[in-house]
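start_21.tsv, holding TSV, C-alpha atoms and all ligand atoms:
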```
chain	number	residue	atom	x	y	z
A	1	MET	CA	95.34	42.18	112.13
A	2	GLN	CA	96.72	40.33	115.15
A	3	ILE	CA	94.98	36.93	115.20
A	4	SER	CA	95.41	34.94	118.43
A	5	ILE	CA	95.80	31.21	117.91
A	6	THR	CA	94.82	28.39	120.25
A	7	LYS	CA	95.89	25.05	118.79
A	8	ASN	CA	93.61	22.04	118.89
A	9	GLN	CA	95.17	19.56	121.32
A	10	ASN	CA	93.21	16.67	119.83
A	11	PRO	CA	93.70	17.04	116.08
A	12	GLY	CA	91.59	14.84	113.84
A	13	LYS	CA	92.56	13.12	110.64
A	14	LEU	CA	91.50	13.78	107.05
A	15	PRO	CA	89.34	10.80	105.98
A	16	PRO	CA	89.98	9.04	102.65
A	17	SER	CA	88.61	10.96	99.67
A	18	ASP	CA	85.78	8.56	98.93
A	19	LYS	CA	84.38	9.15	102.45
A	20	LEU	CA	84.23	12.95	102.19
A	21	GLY	CA	80.84	13.73	100.66
A	22	PHE	CA	79.85	17.37	101.14
A	23	GLY	CA	79.79	19.46	104.29
A	24	THR	CA	79.75	16.86	107.04
A	25	ILE	CA	83.40	16.69	108.11
A	26	PHE	CA	85.16	19.67	109.69
A	27	SER	CA	88.81	20.56	110.17
A	28	ASP	CA	90.63	21.12	113.47
A	29	HIS	CA	90.20	24.90	113.74
A	30	MET	CA	87.83	27.78	113.08
A	31	PHE	CA	88.21	31.53	112.88
A	32	ILE	CA	86.04	33.82	115.02
A	33	MET	CA	85.82	37.61	115.37
A	34	ASP	CA	83.30	39.66	117.38
A	35	TYR	CA	81.49	42.87	116.56
A	36	ASN	CA	79.73	45.50	118.61
A	37	ASP	CA	78.97	49.11	117.80
A	38	ALA	CA	81.52	50.52	120.26
A	39	GLU	CA	84.48	48.26	119.48
A	40	LYS	CA	83.62	47.39	115.85
A	41	TRP	CA	85.24	44.12	114.69
A	42	HIS	CA	87.61	42.89	117.39
A	43	ASN	CA	89.20	39.87	119.04
A	44	PRO	CA	90.07	37.87	115.91
A	45	ARG	CA	91.06	34.38	116.96
A	46	ILE	CA	91.59	30.88	115.66
A	47	ILE	CA	90.46	28.23	118.10
A	48	PRO	CA	89.71	24.49	117.99
A	49	TYR	CA	86.61	23.66	115.96
A	50	GLY	CA	83.68	23.13	118.31
A	51	ASN	CA	80.25	24.22	119.48
A	52	LEU	CA	79.47	27.90	119.99
A	53	SER	CA	77.83	29.09	123.19
A	54	LEU	CA	74.97	31.42	122.23
A	55	ASN	CA	72.27	33.42	123.98
A	56	PRO	CA	69.00	31.78	122.89
A	57	ALA	CA	67.39	35.20	122.37
A	58	GLY	CA	70.12	36.13	119.88
A	59	SER	CA	68.67	37.74	116.79
A	60	GLY	CA	70.66	35.55	114.40
A	61	ILE	CA	68.76	32.56	115.73
A	62	GLN	CA	65.43	34.29	116.22
A	63	TYR	CA	65.21	36.36	113.06
A	64	ALA	CA	67.61	34.74	110.59
A	65	ASN	CA	69.97	37.72	110.71
A	66	THR	CA	72.66	35.67	109.05
A	67	VAL	CA	74.65	35.71	105.82
A	68	PHE	CA	77.26	33.30	104.49
A	69	GLU	CA	79.71	32.54	101.73
A	70	GLY	CA	80.86	29.38	100.00
A	71	MET	CA	84.36	29.13	98.54
A	72	LYS	CA	87.04	26.48	98.11
A	73	ALA	CA	90.77	25.85	98.53
A	74	TYR	CA	92.37	23.42	96.08
A	75	ARG	CA	95.54	21.37	96.42
A	76	TRP	CA	97.70	21.35	93.31
A	77	ALA	CA	99.92	18.46	92.21
A	78	ASP	CA	103.00	20.11	93.78
A	79	GLY	CA	101.22	20.23	97.16
A	80	SER	CA	100.59	24.00	97.09
A	81	ILE	CA	97.15	25.32	98.09
A	82	HIS	CA	95.16	27.85	96.10
A	83	LEU	CA	92.02	29.95	96.51
A	84	PHE	CA	89.77	30.83	93.56
A	85	ARG	CA	88.52	34.44	93.13
A	86	ALA	CA	88.39	34.92	96.90
A	87	ILE	CA	87.98	38.69	96.53
A	88	GLU	CA	84.58	38.04	94.93
A	89	ASN	CA	83.43	36.24	98.08
A	90	ALA	CA	84.71	39.10	100.23
A	91	LYS	CA	82.71	41.59	98.17
A	92	ARG	CA	79.60	39.43	98.10
A	93	ILE	CA	79.42	38.81	101.85
A	94	ASN	CA	79.37	42.58	102.25
A	95	ILE	CA	76.61	42.97	99.68
A	96	SER	CA	74.63	40.39	101.65
A	97	ALA	CA	75.47	41.99	105.03
A	98	GLU	CA	74.40	45.42	103.78
A	99	ARG	CA	70.98	44.09	102.75
A	100	ILE	CA	70.36	42.38	106.09
A	101	GLY	CA	71.72	45.24	108.22
A	102	LEU	CA	74.70	43.24	109.49
A	103	PRO	CA	78.10	44.91	109.94
A	104	GLN	CA	80.35	44.66	106.89
A	105	ILE	CA	83.92	43.36	107.01
A	106	PRO	CA	86.74	45.14	105.17
A	107	ASN	CA	87.76	42.94	102.22
A	108	GLU	CA	91.37	42.67	103.39
A	109	ILE	CA	90.33	41.47	106.84
A	110	PHE	CA	88.00	38.87	105.34
A	111	LEU	CA	90.78	37.64	103.04
A	112	GLU	CA	93.42	37.58	105.77
A	113	ALA	CA	91.14	35.54	108.02
A	114	VAL	CA	90.41	33.03	105.23
A	115	ARG	CA	94.09	32.69	104.31
A	116	LYS	CA	95.18	32.26	107.92
A	117	VAL	CA	92.68	29.59	108.93
A	118	VAL	CA	93.24	27.66	105.69
A	119	ASP	CA	96.99	27.85	106.30
A	120	ILE	CA	96.64	26.54	109.87
A	121	ASP	CA	94.52	23.63	108.63
A	122	ARG	CA	96.37	23.06	105.35
A	123	ASN	CA	96.64	19.35	106.14
A	124	TRP	CA	92.86	19.22	105.72
A	125	VAL	CA	92.96	20.18	102.03
A	126	PRO	CA	92.45	16.86	100.23
A	127	SER	CA	94.49	16.09	97.14
A	128	GLU	CA	92.54	13.60	95.10
A	129	LYS	CA	90.82	14.55	91.86
A	130	GLY	CA	87.49	16.28	92.44
A	131	THR	CA	88.15	17.07	96.11
A	132	SER	CA	88.72	20.42	97.81
A	133	LEU	CA	88.46	22.21	101.13
A	134	TYR	CA	85.07	23.93	101.23
A	135	ILE	CA	85.31	27.20	103.15
A	136	ARG	CA	82.21	28.55	104.87
A	137	PRO	CA	82.54	32.11	106.21
A	138	PHE	CA	79.41	33.50	107.89
A	139	ILE	CA	78.22	36.49	109.89
A	140	PHE	CA	75.25	36.47	112.22
A	141	ALA	CA	73.69	38.82	114.74
A	142	THR	CA	74.04	38.04	118.43
A	143	ASP	CA	71.98	40.88	119.97
A	144	PRO	CA	70.52	39.24	123.07
A	145	GLU	CA	67.02	40.70	122.92
A	146	LEU	CA	63.76	39.86	121.25
A	147	ALA	CA	62.79	43.41	120.26
A	148	LEU	CA	63.52	44.48	116.70
A	149	HIS	CA	66.10	47.16	117.34
A	150	GLY	CA	68.49	46.62	114.48
A	151	ILE	CA	71.79	44.80	114.74
A	152	HIS	CA	74.49	45.99	117.15
A	153	ASN	CA	76.31	42.77	117.95
A	154	ALA	CA	77.50	40.05	115.59
A	155	ILE	CA	80.11	37.42	115.05
A	156	PHE	CA	82.06	36.36	111.99
A	157	VAL	CA	83.06	32.71	111.82
A	158	ILE	CA	84.92	30.64	109.23
A	159	ILE	CA	84.68	26.86	109.26
A	160	LEU	CA	86.36	24.45	106.86
A	161	SER	CA	85.04	21.22	105.44
A	162	PRO	CA	87.07	18.86	103.25
A	163	SER	CA	84.67	17.85	100.52
A	164	GLY	CA	84.12	15.64	97.53
A	165	SER	CA	81.23	15.97	95.14
A	166	TYR	CA	78.15	18.00	96.20
A	167	PHE	CA	75.67	15.67	94.53
A	168	ALA	CA	75.80	11.98	95.34
A	169	GLU	CA	75.75	11.41	91.57
A	170	GLY	CA	79.16	13.15	91.13
A	171	ILE	CA	79.38	15.05	87.82
A	172	LYS	CA	76.64	12.87	86.31
A	173	PRO	CA	73.47	14.63	85.16
A	174	VAL	CA	70.90	15.49	87.84
A	175	LYS	CA	67.13	15.69	87.68
A	176	ILE	CA	65.59	19.07	88.46
A	177	MET	CA	61.94	19.99	89.14
A	178	LEU	CA	60.48	23.35	88.14
A	179	GLU	CA	58.70	24.77	91.18
A	180	THR	CA	55.28	26.21	90.43
A	181	GLU	CA	53.90	26.82	93.95
A	182	ASP	CA	56.49	28.25	96.34
A	183	VAL	CA	58.67	31.20	95.40
A	184	ARG	CA	62.13	31.97	96.68
A	185	ALA	CA	62.60	35.66	96.04
A	186	VAL	CA	61.00	38.83	94.67
A	187	ARG	CA	62.25	42.18	93.46
A	188	GLY	CA	63.15	44.27	96.51
A	189	GLY	CA	63.69	41.15	98.60
A	190	THR	CA	66.87	39.28	99.45
A	191	GLY	CA	67.26	36.95	96.45
A	192	TYR	CA	70.57	38.49	95.37
A	193	THR	CA	72.14	37.81	98.77
A	194	LYS	CA	73.40	34.68	100.48
A	195	CYS	CA	71.27	35.15	103.57
A	196	GLY	CA	70.01	32.24	105.63
A	197	GLY	CA	66.36	33.14	105.09
A	198	ASN	CA	66.56	32.46	101.36
A	199	TYR	CA	67.48	28.88	102.09
A	200	ALA	CA	64.82	28.54	104.78
A	201	ALA	CA	62.22	29.69	102.24
A	202	SER	CA	63.46	26.99	99.87
A	203	ASN	CA	63.25	23.99	102.17
A	204	ARG	CA	59.67	22.94	101.60
A	205	ALA	CA	59.94	22.91	97.81
A	206	GLY	CA	63.30	21.15	98.05
A	207	ASP	CA	61.81	18.44	100.24
A	208	ARG	CA	58.91	17.93	97.84
A	209	ALA	CA	61.31	17.67	94.91
A	210	LEU	CA	63.48	15.13	96.72
A	211	ALA	CA	60.42	13.05	97.58
A	212	LYS	CA	59.66	12.88	93.85
A	213	GLY	CA	63.22	11.86	93.00
A	214	TYR	CA	64.53	15.29	91.95
A	215	SER	CA	67.80	16.72	93.34
A	216	GLN	CA	66.73	20.35	93.57
A	217	VAL	CA	64.10	22.77	92.33
A	218	LEU	CA	64.39	25.32	89.56
A	219	TRP	CA	62.76	28.53	90.76
A	220	LEU	CA	60.51	30.74	88.72
A	221	ASP	CA	60.26	34.48	89.41
A	222	GLY	CA	58.06	35.41	92.35
A	223	VAL	CA	55.74	37.82	90.54
A	224	HIS	CA	54.74	36.30	87.20
A	225	ARG	CA	55.86	32.73	87.99
A	226	LYS	CA	57.01	32.76	84.44
A	227	TYR	CA	60.71	33.55	84.21
A	228	ILE	CA	63.48	31.10	85.06
A	229	GLU	CA	65.62	32.21	88.00
A	230	GLU	CA	68.04	29.69	89.53
A	231	VAL	CA	68.35	26.31	91.20
A	232	GLY	CA	68.54	25.75	95.00
A	233	ALA	CA	72.32	26.02	95.22
A	234	MET	CA	73.29	26.88	91.65
A	235	ASN	CA	72.73	29.33	88.84
A	236	VAL	CA	71.46	27.83	85.60
A	237	MET	CA	72.52	27.96	81.98
A	238	PHE	CA	70.82	26.55	78.91
A	239	LYS	CA	72.32	26.00	75.50
A	240	ILE	CA	69.54	26.82	73.09
A	241	ASN	CA	70.28	26.58	69.38
A	242	GLY	CA	74.01	27.14	69.90
A	243	THR	CA	73.69	30.08	72.33
A	244	VAL	CA	74.20	29.84	76.07
A	245	VAL	CA	71.30	31.62	77.76
A	246	THR	CA	71.29	32.42	81.48
A	247	PRO	CA	68.83	34.53	83.48
A	248	SER	CA	70.06	38.11	83.97
A	249	LEU	CA	70.65	39.47	87.47
A	250	GLU	CA	68.80	42.75	86.91
A	251	ASN	CA	65.71	41.88	88.90
A	252	GLY	CA	67.76	41.44	92.10
A	253	SER	CA	66.11	38.11	92.88
A	254	ILE	CA	68.97	35.83	91.75
A	255	LEU	CA	72.33	35.27	93.43
A	256	GLY	CA	75.24	36.64	91.38
A	257	GLY	CA	77.20	33.40	91.36
A	258	ILE	CA	80.97	33.54	91.06
A	259	THR	CA	80.94	30.33	89.02
A	260	ARG	CA	78.26	31.87	86.78
A	261	LYS	CA	80.40	34.97	86.25
A	262	SER	CA	83.48	32.82	85.57
A	263	CYS	CA	81.59	30.64	83.05
A	264	ILE	CA	80.35	33.71	81.18
A	265	GLU	CA	83.89	35.09	80.99
A	266	VAL	CA	85.31	31.74	79.82
A	267	LEU	CA	82.53	31.22	77.24
A	268	LYS	CA	83.07	34.72	75.84
A	269	SER	CA	86.83	34.11	75.66
A	270	TRP	CA	86.03	31.08	73.49
A	271	GLY	CA	83.90	33.28	71.24
A	272	MET	CA	80.73	31.43	72.19
A	273	PRO	CA	77.52	33.45	72.14
A	274	VAL	CA	76.16	34.09	75.65
A	275	GLU	CA	72.95	35.90	76.51
A	276	GLU	CA	72.05	37.18	79.97
A	277	ARG	CA	68.36	37.90	79.70
A	278	LEU	CA	64.85	37.02	80.77
A	279	LEU	CA	64.07	33.43	79.84
A	280	SER	CA	60.47	32.36	80.21
A	281	VAL	CA	59.49	28.84	81.13
A	282	ASP	CA	57.40	28.76	77.93
A	283	GLU	CA	60.48	29.49	75.83
A	284	LEU	CA	62.47	26.86	77.71
A	285	ILE	CA	59.82	24.16	77.40
A	286	GLY	CA	59.23	25.14	73.78
A	287	ALA	CA	62.95	24.70	73.10
A	288	ALA	CA	62.91	21.32	74.86
A	289	GLU	CA	59.91	20.20	72.77
A	290	SER	CA	61.36	21.36	69.46
A	291	GLY	CA	64.79	19.84	70.09
A	292	LYS	CA	66.49	23.23	70.34
A	293	LEU	CA	67.41	22.77	73.99
A	294	GLU	CA	70.84	21.24	73.54
A	295	GLU	CA	72.11	21.40	77.12
A	296	ALA	CA	71.13	22.50	80.60
A	297	PHE	CA	73.49	22.82	83.54
A	298	GLY	CA	73.86	24.40	86.93
A	299	THR	CA	76.90	26.37	88.11
A	300	GLY	CA	78.04	26.83	91.70
A	301	THR	CA	81.01	26.58	94.04
A	302	ALA	CA	79.78	23.45	95.76
A	303	ALA	CA	78.29	21.88	92.63
A	304	VAL	CA	80.92	23.20	90.13
A	305	ILE	CA	79.22	22.46	86.77
A	306	SER	CA	76.30	20.15	87.16
A	307	PRO	CA	74.63	18.89	83.99
A	308	ILE	CA	70.84	18.68	84.13
A	309	GLY	CA	69.55	15.53	82.45
A	310	GLU	CA	65.86	15.93	83.14
A	311	LEU	CA	63.47	18.81	83.79
A	312	PHE	CA	60.08	18.16	85.37
A	313	TYR	CA	57.37	20.74	84.75
A	314	ASN	CA	53.60	20.54	85.20
A	315	ASP	CA	53.64	16.74	85.50
A	316	LYS	CA	55.73	16.28	82.37
A	317	LYS	CA	59.30	15.07	82.05
A	318	TYR	CA	61.69	16.62	79.55
A	319	THR	CA	64.93	14.74	78.96
A	320	VAL	CA	67.86	16.96	78.06
A	321	ASN	CA	70.68	15.76	75.80
A	322	ASN	CA	69.73	12.09	76.28
A	323	PHE	CA	70.60	12.43	79.97
A	324	GLU	CA	74.25	12.81	79.03
A	325	ILE	CA	76.85	15.42	79.93
A	326	GLY	CA	76.78	18.04	77.18
A	327	GLU	CA	79.82	19.19	75.28
A	328	THR	CA	79.73	22.75	76.64
A	329	ALA	CA	79.15	21.67	80.24
A	330	GLN	CA	82.06	19.24	80.00
A	331	LYS	CA	84.34	21.85	78.41
A	332	LEU	CA	83.46	24.41	81.07
A	333	TYR	CA	83.98	21.85	83.83
A	334	ASP	CA	87.39	20.94	82.42
A	335	GLU	CA	88.44	24.57	82.03
A	336	LEU	CA	87.28	25.77	85.46
A	337	THR	CA	88.54	22.78	87.40
A	338	GLY	CA	91.76	22.90	85.34
A	339	ILE	CA	92.35	26.48	86.52
A	340	GLN	CA	91.31	25.62	90.07
A	341	TRP	CA	93.57	22.55	90.33
A	342	GLY	CA	96.43	24.18	88.45
A	343	THR	CA	96.42	21.82	85.49
A	344	LYS	CA	95.48	24.57	83.00
A	345	PRO	CA	96.96	28.05	82.68
A	346	ASP	CA	95.22	30.68	84.82
A	347	LYS	CA	94.80	33.17	81.98
A	348	PHE	CA	92.40	35.28	84.00
A	349	GLY	CA	94.52	35.55	87.16
A	350	TRP	CA	91.82	33.97	89.33
A	351	THR	CA	93.88	31.82	91.66
A	352	GLU	CA	96.01	32.79	94.63
A	353	CYS	CA	98.50	30.65	96.55
A	354	VAL	CA	97.93	30.42	100.31
A	401	LIG	N1	72.57	30.33	93.63
A	401	LIG	C1	72.41	29.97	94.91
A	401	LIG	C2	71.08	30.11	95.51
A	401	LIG	C3	73.50	29.46	95.64
A	401	LIG	O1	73.35	29.09	96.91
A	401	LIG	C4	74.74	29.33	95.00
A	401	LIG	C5	75.89	28.81	95.73
A	401	LIG	O2	76.61	29.53	96.32
A	401	LIG	C6	74.86	29.76	93.67
A	401	LIG	C7	73.76	30.24	93.02
A	401	LIG	C8	76.17	29.71	92.96
A	401	LIG	O3	77.03	30.73	93.41
A	401	LIG	P1	78.60	30.56	93.37
A	401	LIG	O4	78.95	30.20	91.99
A	401	LIG	O5	79.16	31.88	93.77
A	401	LIG	O6	78.94	29.49	94.34
A	402	LIG	C1	77.92	26.99	97.51
A	402	LIG	O1	77.94	26.53	96.37
A	402	LIG	O2	78.91	27.49	98.03
A	402	LIG	C2	76.73	26.97	98.32
A	402	LIG	O3	76.62	27.85	99.11
A	402	LIG	C3	75.81	25.87	98.23
A	402	LIG	C4	75.19	25.61	99.57
A	402	LIG	C5	73.93	26.35	99.72
A	402	LIG	C6	75.06	24.15	99.82
```

Would you mind writing the file out in structure tokens?
Ligand code: PLP
Ligand code: COI
Amino acid sequence: MQISITKNQNPGKLPPSDKLGFGTIFSDHMFIMDYNDAEKWHNPRIIPYGNLSLNPAGSGIQYANTVFEGMKAYRWADGSIHLFRAIENAKRINISAERIGLPQIPNEIFLEAVRKVVDIDRNWVPSEKGTSLYIRPFIFATDPELALHGIHNAIFVIILSPSGSYFAEGIKPVKIMLETEDVRAVRGGTGYTKCGGNYAASNRAGDRALAKGYSQVLWLDGVHRKYIEEVGAMNVMFKINGTVVTPSLENGSILGGITRKSCIEVLKSWGMPVEERLLSVDELIGAAESGKLEEAFGTGTAAVISPIGELFYNDKKYTVNNFEIGETAQKLYDELTGIQWGTKPDKFGWTECV
């Protein structure tokens, strides 16, 4: 692929690590590529980061015809920069695009675009512990008409955001509220994709949780309102009586997280019992009440491993593991971040140097 490059004439500067937060600071450049039915994907280019000029009737804006990915680049002690399981993001954006009716991007083109824009902005990959360059690739429809005639025009964009911890609390335990009113996804819907609409559907519950002092909501399934699904921006795992239990993906209403998949593979390599299955809220609350719920944590690219210290359900609070980071969550965090930052051997072959 021949990517044209227009350098930013007013480059910015990477702020100090303690000022990074999550997703508010952007690097000097972005990648863009256009799609239409006749030309397919064309005009790949890297240009200075800035506003896009869009037709206000565009169907990405009007109808949420948009999908995205979240991945990270990490700077190792020797200064080299590495991606983590990037092929999984390439595959998943296409799974999402297929569901929404957006054009798919060949995996190699997706990967080349990510590598190239990260390389151009390599100065924006922070180096301090716990920091990384968050990479946000996204595709959205640009068809300039209000009628629902499918998607024939789209763009693919990659923006880069040097980031610290996703939660203000850092890796400290967070408080999570079980959502009993709104639902996020149902079988046959879009829950398994990273499409914009899923996050739009989540806003109201998220706002209500925040107002009550909870970081995010834990969704229940949309039909029975009985089975645990996932958290706003993370999959969830519970250590119950020595076994790590996580909701299975079979129903199609939960995002197949790459961190989730990596944790399962790491846990199994340690010989720890892992179960991917239906987990009802009754079983979870029962375990919390009987002392069998040893740990709860979320897994996600942005959040890494995020211990859950309190669950709120039907007006009752359930403290998990004395609001402390559990042993398994800590071990998983150390192993995953060790592989990502190159301080532990990459036994699984998950990292790639840019
Ligand atoms: N679930 C949802 C709804 C998410 O937005 C995310 C974040 O991407 C995850 C789970 C975790 O997925 P991953 O580990 O691939 O980042
Ligand atoms: C990620 O972890 O990459 C996410 O996409 C989280 C995001 C919704 C804030």

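Summary of the local environment: counting all atoms listed in the file, residues at most 8 Å from Asp182 in chain A, other than itself and those fewer than 2 positions away along its chain, are Glu179, Thr180, Arg184, Ser202 and Ala205 of chain A.
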
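Protein and nucleic acid residues near (88.2, 19.7, 104.0) are Leu14, Leu20, Gly23, Ile25, Phe26, Ser27, Ala73, Asp121, Arg122, Asn123, Trp124, Val125, Pro126, Thr131, Ser132, Leu133, Tyr134, Ile135, Leu160, Ser161, Pro162, Ser163 and Gly164 of chain A, the criterion being any atom at most 9 Å away using all atoms listed in the file.
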
**OP:** Please check which protein, DNA or RNA residues sit within 6 Å of ligand LIG 402 (chain A), counting only C-alpha atoms and all ligand atoms, and write them as JSON, numbers by chain.
**Re:** {"A": [70, 71, 233, 300, 301, 302, 303]}

Please find the residues contacting ligand LIG 401 (chain A) at a distance of at most 8 Å between atoms, with only C-alpha atoms and all ligand atoms counted, and report them as a JSON list (two decimals) with C-alpha atoms, keeping the file's coordinate frame.
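So the final result, stored in selection-v9.json, reads:
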```json
[["chain", "number", "residue", "atom", "x", "y", "z"],
["A", 69, "GLU", "CA", 79.71, 32.54, 101.73],
["A", 70, "GLY", "CA", 80.86, 29.38, 100.00],
["A", 71, "MET", "CA", 84.36, 29.13, 98.54],
["A", 89, "ASN", "CA", 83.43, 36.24, 98.08],
["A", 191, "GLY", "CA", 67.26, 36.95, 96.45],
["A", 194, "LYS", "CA", 73.40, 34.68, 100.48],
["A", 198, "ASN", "CA", 66.56, 32.46, 101.36],
["A", 199, "TYR", "CA", 67.48, 28.88, 102.09],
["A", 230, "GLU", "CA", 68.04, 29.69, 89.53],
["A", 231, "VAL", "CA", 68.35, 26.31, 91.20],
["A", 232, "GLY", "CA", 68.54, 25.75, 95.00],
["A", 233, "ALA", "CA", 72.32, 26.02, 95.22],
["A", 234, "MET", "CA", 73.29, 26.88, 91.65],
["A", 235, "ASN", "CA", 72.73, 29.33, 88.84],
["A", 254, "ILE", "CA", 68.97, 35.83, 91.75],
["A", 255, "LEU", "CA", 72.33, 35.27, 93.43],
["A", 256, "GLY", "CA", 75.24, 36.64, 91.38],
["A", 257, "GLY", "CA", 77.20, 33.40, 91.36],
["A", 258, "ILE", "CA", 80.97, 33.54, 91.06],
["A", 259, "THR", "CA", 80.94, 30.33, 89.02],
["A", 260, "ARG", "CA", 78.26, 31.87, 86.78],
["A", 261, "LYS", "CA", 80.40, 34.97, 86.25],
["A", 299, "THR", "CA", 76.90, 26.37, 88.11],
["A", 300, "GLY", "CA", 78.04, 26.83, 91.70],
["A", 301, "THR", "CA", 81.01, 26.58, 94.04],
["A", 302, "ALA", "CA", 79.78, 23.45, 95.76],
["A", 303, "ALA", "CA", 78.29, 21.88, 92.63],
["A", 304, "VAL", "CA", 80.92, 23.20, 90.13]]
```

May I have the residues within 8 Å of range 212-214 of chain A as an mmCIF file with C-alpha atoms, keeping the file's coordinate frame, using all atoms listed in the file and disregarding those fewer than 3 positions away in the same chain?
```cif
data_model
loop_
_atom_site.group_PDB
_atom_site.id
_atom_site.type_symbol
_atom_site.label_atom_id
_atom_site.label_comp_id
_atom_site.auth_asym_id
_atom_site.auth_seq_id
_atom_site.Cartn_x
_atom_site.Cartn_y
_atom_site.Cartn_z
ATOM 1 C CA VAL A 174 70.900 15.490 87.840
ATOM 2 C CA LYS A 175 67.130 15.690 87.680
ATOM 3 C CA ILE A 176 65.590 19.070 88.460
ATOM 4 C CA MET A 177 61.940 19.990 89.140
ATOM 5 C CA ARG A 208 58.910 17.930 97.840
ATOM 6 C CA ALA A 209 61.310 17.670 94.910
ATOM 7 C CA VAL A 217 64.100 22.770 92.330
#
```

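For the choices A:Cys195, A:Ile305, A:Ala296, A:Ile339, the atom-to-atom distance to Asn322 in chain A is smallest for A:Ala296 when using only C-alpha atoms.
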